[in-house]
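Visitor: File start.csv follows (CSV, C-alpha atoms and all ligand atoms):
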chain,number,residue,atom,x,y,z
A,1,MET,CA,-7.2,15.7,1.5
A,2,ILE,CA,-6.3,12.1,0.7
A,3,ARG,CA,-2.9,10.4,0.8
A,4,LEU,CA,-2.3,8.4,-2.4
A,5,PHE,CA,0.2,6.0,-4.0
A,6,VAL,CA,0.3,3.8,-7.0
A,7,ALA,CA,1.3,0.2,-6.6
A,8,LEU,CA,1.1,-3.4,-7.8
A,9,SER,CA,-1.0,-5.7,-5.6
A,10,PHE,CA,-0.4,-9.5,-5.5
A,11,PRO,CA,-2.4,-12.7,-5.8
A,12,ASP,CA,-2.8,-14.9,-2.7
A,13,GLU,CA,-0.1,-17.3,-3.9
A,14,ILE,CA,2.5,-14.5,-3.7
A,15,ARG,CA,1.1,-13.1,-0.4
A,16,GLN,CA,1.4,-16.6,1.2
A,17,SER,CA,4.9,-17.0,-0.1
A,18,LEU,CA,5.9,-13.6,1.3
A,19,ALA,CA,4.1,-14.2,4.6
A,20,ALA,CA,6.4,-17.3,5.1
A,21,LEU,CA,9.3,-14.9,5.1
A,22,CYS,CA,7.9,-12.8,8.0
A,23,ALA,CA,9.7,-14.4,10.9
A,24,GLY,CA,13.1,-14.6,12.4
A,25,VAL,CA,14.0,-11.0,13.2
A,26,PRO,CA,13.4,-9.9,16.8
A,27,GLY,CA,11.6,-6.6,17.1
A,28,ALA,CA,10.6,-6.5,13.5
A,29,ARG,CA,7.1,-5.1,12.8
A,30,TRP,CA,5.9,-7.4,10.1
A,31,VAL,CA,3.5,-6.1,7.4
A,32,ASN,CA,0.1,-7.7,7.4
A,33,PRO,CA,-0.1,-10.0,4.3
A,34,ASP,CA,-3.2,-8.1,3.1
A,35,GLN,CA,-1.1,-5.0,2.8
A,36,PHE,CA,1.8,-6.3,0.7
A,37,HIS,CA,2.4,-4.2,-2.4
A,38,LEU,CA,5.1,-2.9,-4.7
A,39,THR,CA,5.0,0.9,-4.9
A,40,LEU,CA,5.3,2.4,-8.4
A,41,ARG,CA,4.9,6.0,-7.4
A,42,PHE,CA,4.2,7.7,-4.0
A,43,ILE,CA,2.0,10.7,-4.5
A,44,GLY,CA,1.3,12.0,-1.1
A,45,GLU,CA,-1.6,14.3,0.1
A,46,VAL,CA,-3.9,15.7,-2.6
A,47,ASP,CA,-7.3,17.2,-2.8
A,48,GLY,CA,-10.3,15.5,-4.5
A,49,ARG,CA,-9.9,17.4,-7.7
A,50,THR,CA,-6.2,16.5,-8.1
A,51,ALA,CA,-7.0,12.9,-7.2
A,52,ARG,CA,-9.5,12.8,-10.0
A,53,THR,CA,-7.0,14.3,-12.4
A,54,VAL,CA,-4.4,11.7,-11.4
A,55,SER,CA,-6.9,8.9,-11.8
A,56,ASP,CA,-7.9,10.1,-15.3
A,57,ALA,CA,-4.2,10.3,-16.3
A,58,LEU,CA,-3.6,6.7,-14.9
A,59,SER,CA,-6.6,5.4,-16.8
A,60,THR,CA,-4.9,6.3,-20.2
A,61,ILE,CA,-2.0,3.9,-19.5
A,62,ILE,CA,-1.9,0.9,-21.9
A,63,MET,CA,0.8,-1.7,-22.3
A,64,PRO,CA,1.1,-5.5,-22.7
A,65,ASP,CA,0.8,-7.7,-19.6
A,66,PHE,CA,4.1,-9.0,-18.2
A,67,ASP,CA,5.6,-11.5,-15.8
A,68,LEU,CA,7.2,-10.5,-12.5
A,69,GLU,CA,9.4,-12.5,-10.1
A,70,LEU,CA,10.1,-11.4,-6.6
A,71,PHE,CA,13.7,-12.3,-5.7
A,72,SER,CA,16.0,-12.0,-2.8
A,73,VAL,CA,15.8,-9.7,0.3
A,74,GLY,CA,17.5,-6.5,1.4
A,75,THR,CA,17.3,-3.6,3.9
A,76,PHE,CA,17.0,0.2,3.6
A,77,GLY,CA,18.8,2.4,6.1
A,78,ASP,CA,22.4,2.4,7.5
A,79,ARG,CA,24.1,-1.0,7.3
A,80,ARG,CA,24.2,-1.1,11.1
A,81,LYS,CA,20.8,0.6,11.6
A,82,ALA,CA,18.4,-0.8,9.0
A,83,ASN,CA,14.9,0.6,9.1
A,84,SER,CA,13.1,-1.7,6.7
A,85,LEU,CA,13.3,-5.2,5.4
A,86,TRP,CA,12.1,-6.0,1.9
A,87,VAL,CA,11.9,-8.5,-1.0
A,88,GLY,CA,13.4,-7.4,-4.3
A,89,VAL,CA,12.4,-8.1,-7.9
A,90,ARG,CA,14.4,-9.8,-10.7
A,91,PRO,CA,15.4,-7.2,-13.3
A,92,ASN,CA,12.4,-6.4,-15.4
A,93,ALA,CA,12.3,-4.0,-18.3
A,94,ALA,CA,8.5,-4.1,-18.5
A,95,LEU,CA,8.1,-3.2,-14.8
A,96,ASN,CA,10.4,-0.2,-15.4
A,97,ARG,CA,8.4,0.8,-18.4
A,98,LEU,CA,5.2,0.7,-16.4
A,99,GLN,CA,6.8,2.7,-13.6
A,100,GLU,CA,7.8,5.4,-16.2
A,101,LYS,CA,4.3,5.5,-17.6
A,102,VAL,CA,2.8,5.9,-14.1
A,103,ASP,CA,5.4,8.5,-13.2
A,104,ASN,CA,4.7,10.5,-16.4
A,105,ALA,CA,0.9,10.3,-15.7
A,106,VAL,CA,1.4,11.6,-12.2
A,107,LEU,CA,3.7,14.4,-13.3
A,108,ARG,CA,1.2,15.4,-16.0
A,109,SER,CA,-1.3,15.8,-13.2
A,110,GLY,CA,0.8,18.5,-11.6
A,111,ILE,CA,2.4,16.4,-8.8
A,112,ALA,CA,6.0,17.2,-8.0
A,113,PRO,CA,8.7,14.9,-9.3
A,114,ASP,CA,9.9,12.1,-7.0
A,115,ARG,CA,13.7,12.6,-7.0
A,116,ARG,CA,14.5,9.1,-5.7
A,117,LYS,CA,15.5,6.5,-8.2
A,118,PHE,CA,12.9,3.7,-8.6
A,119,ALA,CA,14.0,0.8,-6.4
A,120,PRO,CA,11.3,-1.9,-6.8
A,121,HIS,CA,10.7,-3.7,-3.5
A,122,VAL,CA,7.9,-5.1,-1.3
A,123,THR,CA,8.3,-4.0,2.3
A,124,LEU,CA,8.1,-7.0,4.7
A,125,ALA,CA,8.9,-5.3,8.0
A,126,ARG,CA,9.8,-2.0,9.7
A,127,LEU,CA,12.8,-2.4,11.9
A,128,ASN,CA,13.7,-0.5,15.0
A,129,ASN,CA,17.0,-1.5,16.7
A,130,ALA,CA,16.7,-5.0,15.4
A,131,PRO,CA,19.9,-6.9,16.3
A,132,PHE,CA,22.5,-6.5,13.6
A,133,ASP,CA,23.6,-10.1,13.6
A,134,ARG,CA,20.1,-11.4,13.4
A,135,ILE,CA,19.4,-9.2,10.3
A,136,GLY,CA,22.6,-10.4,8.7
A,137,ALA,CA,21.6,-14.1,9.4
A,138,TYR,CA,18.1,-13.4,7.9
A,139,LEU,CA,19.6,-11.8,4.8
A,140,SER,CA,22.0,-14.7,4.2
A,141,HIS,CA,19.3,-17.3,4.9
A,142,HIS,CA,16.8,-15.7,2.3
A,143,ALA,CA,19.4,-14.4,-0.2
A,144,LEU,CA,18.1,-16.8,-2.9
A,145,TYR,CA,14.4,-16.4,-2.1
A,146,ALA,CA,12.4,-16.6,-5.4
A,147,GLY,CA,8.7,-16.0,-5.3
A,148,PRO,CA,6.2,-17.7,-7.7
A,149,ARG,CA,6.2,-16.1,-11.1
A,150,THR,CA,3.2,-13.9,-11.4
A,151,ARG,CA,1.4,-12.2,-14.4
A,152,CYS,CA,0.9,-8.5,-14.0
A,153,ASP,CA,-2.1,-7.2,-15.9
A,154,ARG,CA,-3.2,-4.3,-13.6
A,155,PHE,CA,-2.1,-1.7,-11.1
A,156,THR,CA,-3.8,0.0,-8.3
A,157,LEU,CA,-4.3,3.5,-6.9
A,158,TYR,CA,-4.2,3.2,-3.1
A,159,SER,CA,-5.1,5.5,-0.3
A,160,SER,CA,-3.0,5.4,2.9
A,161,PHE,CA,-4.5,6.2,6.2
A,162,LEU,CA,-2.1,6.7,9.1
A,163,SER,CA,-3.6,5.1,12.2
A,164,SER,CA,-2.0,4.6,15.6
A,165,SER,CA,-1.4,1.0,14.8
A,166,GLY,CA,0.3,1.8,11.4
A,167,ALA,CA,-0.7,2.7,7.9
A,168,ILE,CA,-3.9,1.2,6.4
A,169,TYR,CA,-3.8,0.9,2.7
A,170,THR,CA,-7.1,0.8,0.7
A,171,PRO,CA,-7.3,0.0,-3.0
A,172,GLU,CA,-9.3,2.9,-4.5
A,173,GLN,CA,-9.1,2.3,-8.2
A,174,VAL,CA,-7.7,-0.7,-10.2
A,175,TYR,CA,-6.5,0.0,-13.8
A,176,ARG,CA,-6.0,-2.9,-16.2
A,177,LEU,CA,-3.0,-2.7,-18.5
A,178,ASP,CA,-5.3,-3.1,-21.5
A,179,GLY,CA,-6.8,0.3,-20.7
A,180,GLY,CA,-10.0,-0.8,-18.8
A,181,LEU,CA,-10.9,-0.1,-15.2
A,182,ALA,CA,-11.3,-3.2,-13.1
A,183,GLU,CA,-14.6,-3.7,-11.3
A,184,ASP,CA,-13.0,-4.7,-7.9
A,185,ALA,CA,-12.1,-1.3,-6.5
A,186,GLU,CA,-13.5,-1.0,-3.0
A,187,HIS,CA,-15.5,2.2,-3.2
A,188,ASP,CA,-16.0,5.1,-5.4
A,189,TRP,CA,-14.2,7.7,-3.3
A,190,MET,CA,-13.2,9.8,-6.2
A,191,ALA,CA,-16.8,10.6,-7.0
A,192,ASP,CA,-17.5,11.5,-3.3
A,193,GLU,CA,-14.3,13.4,-2.8
A,194,ALA,CA,-14.5,15.3,-6.0
A,195,GLU,CA,-18.2,16.1,-5.4
A,196,ALA,CA,-17.4,17.5,-1.9
A,197,TRP,CA,-14.5,19.5,-3.4
A,198,ASP,CA,-16.8,20.8,-6.1
A,199,GLN,CA,-19.4,21.8,-3.6
A,200,ASP,CA,-16.8,23.7,-1.5
A,201,HIS,CA,-15.2,25.4,-4.5
A,202,GLY,CA,-18.0,25.6,-7.1
A,203,ASP,CA,-18.6,29.3,-6.5
A,204,TRP,CA,-14.9,30.0,-6.8
A,205,ASP,CA,-14.9,28.1,-10.1
A,206,LYS,CA,-17.7,30.2,-11.4
A,207,ALA,CA,-16.1,33.4,-10.3
A,208,GLU,CA,-12.8,32.4,-12.0
A,209,ALA,CA,-14.6,31.4,-15.2
A,210,ALA,CA,-16.4,34.8,-15.2
A,211,ALA,CA,-13.0,36.6,-14.6
A,212,TYR,CA,-11.6,34.9,-17.7
A,213,GLY,CA,-14.7,35.7,-19.8
A,214,ALA,CA,-15.8,32.1,-20.1
A,215,GLU,CA,-19.5,31.3,-20.9
B,1,LIG,P1,8.1,1.7,1.7
B,1,LIG,O1,7.3,0.4,1.7
B,1,LIG,O2,9.5,1.4,1.2
B,1,LIG,O3,8.0,2.4,2.9
B,1,LIG,C1,2.9,3.8,1.0
B,1,LIG,O4,3.5,4.6,2.0
B,1,LIG,C2,4.0,3.3,0.1
B,1,LIG,O5,4.6,4.3,-0.6
B,1,LIG,C3,5.0,2.4,0.7
B,1,LIG,O6,5.3,1.3,-0.1
B,1,LIG,C4,6.2,3.3,0.8
B,1,LIG,O7,7.4,2.6,0.6
B,1,LIG,C5,6.0,4.2,-0.4
B,1,LIG,N1,6.7,5.5,-0.3
B,1,LIG,C6,7.5,6.0,-1.2
B,1,LIG,N2,7.9,7.2,-0.8
B,1,LIG,C7,7.2,7.5,0.3
B,1,LIG,C8,7.2,8.7,1.2
B,1,LIG,N3,7.9,9.8,0.9
B,1,LIG,N4,6.4,8.6,2.3
B,1,LIG,C9,5.7,7.5,2.6
B,1,LIG,N5,5.7,6.4,1.8
B,1,LIG,C10,6.5,6.4,0.7
Could you take the file, read its structure, and then write that structure out as structure tokens?

Guide:
Amino acid sequence: MIRLFVALSFPDEIRQSLAALCAGVPGARWVNPDQFHLTLRFIGEVDGRTARTVSDALSTIIMPDFDLELFSVGTFGDRRKANSLWVGVRPNAALNRLQEKVDNAVLRSGIAPDRRKFAPHVTLARLNNAPFDRIGAYLSHHALYAGPRTRCDRFTLYSSFLSSSGAIYTPEQVYRLDGGLAEDAEHDWMADEAEAWDQDHGDWDKAEAAAYGAE
């Protein structure tokens, strides 16, 4: 099984700009700049075959490139007990359209709907009992933060590995918005995973095919 999500990754210019925001809240666990991303759809644990189906569905997405601007900061969780600190996005119809296309592709692959409304954000830190007044000061100080404008022409299927020092995100496949696959995915896990799955379940597939009278 593999834990997956679909997200936008960012160029170095944006990572550096976000990294500069990662200070000033005692006890915050700041995200490593390599790991910054904007989640379009969390998928969760799937087997190799489902992963391949999801990836095939994602590869059919085509739409024009668009610009994105990160803007302002906020928290999730109770007002007095925030659990994460994030950067938001200036309202962006094209980003919402991409999110809908990704969501539809994931649903078509048989993954359960995500009931939460899309709230585009880039998590900067996880918080655990951070002082309320320091969070308030941080939010006021960075309320008008505006990241460099960036062109989005691709999105990424990531795996997430939960280690003792936190989650490690790995880009597994990169999809260009013009419909092509980018060359810079880290490794061809889907072929490996899917092959392992097929080896484990091949006999079952054949038995099922026979039961349904297939050739
Ligand atoms: P977050 O940054 O706000 O925590 C990988 O876990 C990515 O998927 C994170 O960006 C996380 O958002 C997002 N995500 C959305 N729903 C999730 C869920 N139910 N469990 C874990 N991560 C989720």

Visitor: Would you list the residues that come within 6 Å of ligand LIG 1 (chain B)? Count all atoms listed in the file and give the answer as a list of chain:residue names.

Guide: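 After applying the 6 Å limit, what remains is A:Phe5, A:Thr39, A:Phe42, A:Thr123.
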
Visitor: Just to be explicit: take each residue in the selection above, keep C-alpha atoms, and write the result as an mmCIF file, in the frame of the given file.

Guide:
data_model
loop_
_atom_site.group_PDB
_atom_site.id
_atom_site.type_symbol
_atom_site.label_atom_id
_atom_site.label_comp_id
_atom_site.auth_asym_id
_atom_site.auth_seq_id
_atom_site.Cartn_x
_atom_site.Cartn_y
_atom_site.Cartn_z
ATOM 1 C CA PHE A 5 0.200 6.000 -4.000
ATOM 2 C CA THR A 39 5.000 0.900 -4.900
ATOM 3 C CA PHE A 42 4.200 7.700 -4.000
ATOM 4 C CA THR A 123 8.300 -4.000 2.300
#

Visitor: Atom CA of A:Val89 and atom CA of A:Glu45 are how many Å apart?

Guide: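 The value is 27.6 Å.
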
Visitor: So the first atom is atom CA of A:Ser164 and the second is atom CA of A:Ser84; what is the distance between them in Å, to one decimal place?

Guide: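 Atom CA of A:Ser164 sits 18.6 Å away from atom CA of A:Ser84.
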
Visitor: Just checking: using all atoms listed in the file, which residue out of A:Thr75, A:Ile14, A:Leu139, A:Glu100 ends up closest to A:Lys117?

Guide: A:Glu100

Visitor: With all atoms listed in the file counted, which protein, DNA or RNA residues have an atom no more than 12 Å from (11.9, 14.0, -2.6) in the file frame? Please answer as a VMD selection string.

Guide: chain A and resid 41 to 44 111 to 118

Visitor: Using only C-alpha atoms, which residue out of A:Thr60, A:Gln16, A:Asn83, A:Gln99 lies closest to A:Leu40?

Guide: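 Among A:Thr60, A:Gln16, A:Asn83, A:Gln99, it is A:Gln99 that comes nearest to A:Leu40.
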
Visitor: Could you check which of A:Arg149, A:Arg52, A:Lys81, A:Arg176 is closest to A:Arg126, using only C-alpha atoms?

Guide: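 When distances to A:Arg126 are compared using only C-alpha atoms, the smallest one comes from A:Lys81.
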
Visitor: Could you give me, as a list in words, the residues within 9 Å of A:Pro64, counting all atoms listed in the file and dropping anything in the same chain fewer than 4 positions from it?

Guide: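 Here the qualifying residues turn out to be Ala94, Asp153, Leu177 and Asp178 of chain A.
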
Visitor: Keeping C-alpha atoms for every residue in the selection just given, could you write it to a file as a compact mmCIF listing (two decimals), in the coordinates of the input?

Guide:
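Result saved to selection-v2.txt:
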# COMPACT_ATOMS: atom_id res chain seq x y z
CA ALA A 94 8.50 -4.10 -18.50
CA ASP A 153 -2.10 -7.20 -15.90
CA LEU A 177 -3.00 -2.70 -18.50
CA ASP A 178 -5.30 -3.10 -21.50

Visitor: Rank nothing, just name the residue among A:Gly147, A:Pro131, A:Gly48, A:Pro120 nearest to A:Ala82, using only C-alpha atoms.

Guide: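 Among the listed residues, the smallest separation from A:Ala82 belongs to A:Pro131.
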
Visitor: Between atom CA of A:Lys101 and atom CA of A:Gly77, what is the distance in Å, rounded to a tenth?

Guide: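 These atoms are spaced 28.0 Å apart.
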
Visitor: Skip A:Phe76 itself and residues of its chain fewer than 6 positions away, then list as a PyMOL selection string all residues within 12 Å of it, counting all atoms listed in the file.

Guide: chain A and resi 82-88+119+121-128+135

Visitor: Here is a test: counting all atoms listed in the file, which residue of A:Asn92, A:Thr170, A:Ser165, A:Thr53 is nearest to A:His37?

Guide: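 Once distances to A:His37 are computed over all atoms listed in the file, the minimum belongs to A:Thr170.
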
Visitor: Can you tell me, as an NGL selection string, what residues are no more than 12 Å from A:Ser17 when counting all atoms listed in the file, ignoring any on the same chain fewer than 2 positions away?

Guide: :A and (10-15 or 19-22 or 33 or 36 or 69-71 or 87 or 124 or 145-150)

Visitor: Could all heavy atoms be built for stretch 17-28 of chain A and written out as a compact mmCIF listing (two decimals), in the coordinates of the input?

Guide:
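Result went into out-v3.txt, see below:
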# COMPACT_ATOMS: atom_id res chain seq x y z
N SER A 17 3.49 -16.75 0.00
CA SER A 17 4.90 -17.00 -0.10
C SER A 17 5.69 -15.90 0.69
O SER A 17 6.64 -16.20 1.41
CB SER A 17 5.33 -16.97 -1.58
OG SER A 17 6.70 -17.09 -1.72
N LEU A 18 5.23 -14.66 0.57
CA LEU A 18 5.90 -13.60 1.30
C LEU A 18 5.63 -13.69 2.82
O LEU A 18 6.52 -13.42 3.64
CB LEU A 18 5.39 -12.20 0.82
CG LEU A 18 5.80 -11.81 -0.60
CD1 LEU A 18 5.15 -10.49 -1.00
CD2 LEU A 18 7.32 -11.71 -0.72
N ALA A 19 4.41 -14.12 3.17
CA ALA A 19 4.10 -14.20 4.60
C ALA A 19 5.03 -15.23 5.27
O ALA A 19 5.39 -15.07 6.45
CB ALA A 19 2.63 -14.67 4.77
N ALA A 20 5.45 -16.26 4.50
CA ALA A 20 6.40 -17.30 5.10
C ALA A 20 7.74 -16.68 5.38
O ALA A 20 8.51 -17.28 6.13
CB ALA A 20 6.48 -18.44 4.10
N LEU A 21 8.03 -15.51 4.82
CA LEU A 21 9.30 -14.90 5.10
C LEU A 21 9.25 -13.97 6.35
O LEU A 21 10.28 -13.42 6.78
CB LEU A 21 9.72 -13.94 3.93
CG LEU A 21 10.04 -14.60 2.59
CD1 LEU A 21 10.33 -13.53 1.54
CD2 LEU A 21 11.24 -15.52 2.74
N CYS A 22 8.05 -13.82 6.89
CA CYS A 22 7.90 -12.80 8.00
C CYS A 22 8.09 -13.46 9.35
O CYS A 22 7.15 -13.57 10.16
CB CYS A 22 6.47 -12.22 7.86
SG CYS A 22 6.31 -11.19 6.41
N ALA A 23 9.30 -13.85 9.60
CA ALA A 23 9.70 -14.40 10.90
C ALA A 23 11.20 -14.37 11.02
O ALA A 23 11.89 -14.32 10.00
CB ALA A 23 9.18 -15.83 11.06
N GLY A 24 11.69 -14.36 12.23
CA GLY A 24 13.10 -14.60 12.40
C GLY A 24 13.94 -13.34 12.70
O GLY A 24 15.17 -13.43 12.79
N VAL A 25 13.29 -12.17 12.83
CA VAL A 25 14.00 -11.00 13.20
C VAL A 25 13.37 -10.36 14.44
O VAL A 25 12.26 -9.81 14.33
CB VAL A 25 14.10 -9.92 12.07
CG1 VAL A 25 14.89 -8.69 12.52
CG2 VAL A 25 14.71 -10.52 10.82
N PRO A 26 13.99 -10.47 15.61
CA PRO A 26 13.40 -9.90 16.80
C PRO A 26 13.09 -8.45 16.70
O PRO A 26 13.93 -7.70 16.19
CB PRO A 26 14.40 -10.21 17.91
CG PRO A 26 15.34 -11.22 17.34
CD PRO A 26 15.31 -11.05 15.86
N GLY A 27 11.91 -8.04 17.13
CA GLY A 27 11.60 -6.60 17.10
C GLY A 27 11.09 -6.09 15.80
O GLY A 27 10.74 -4.91 15.69
N ALA A 28 11.06 -6.94 14.77
CA ALA A 28 10.60 -6.50 13.50
C ALA A 28 9.04 -6.30 13.55
O ALA A 28 8.36 -7.11 14.18
CB ALA A 28 10.89 -7.49 12.38
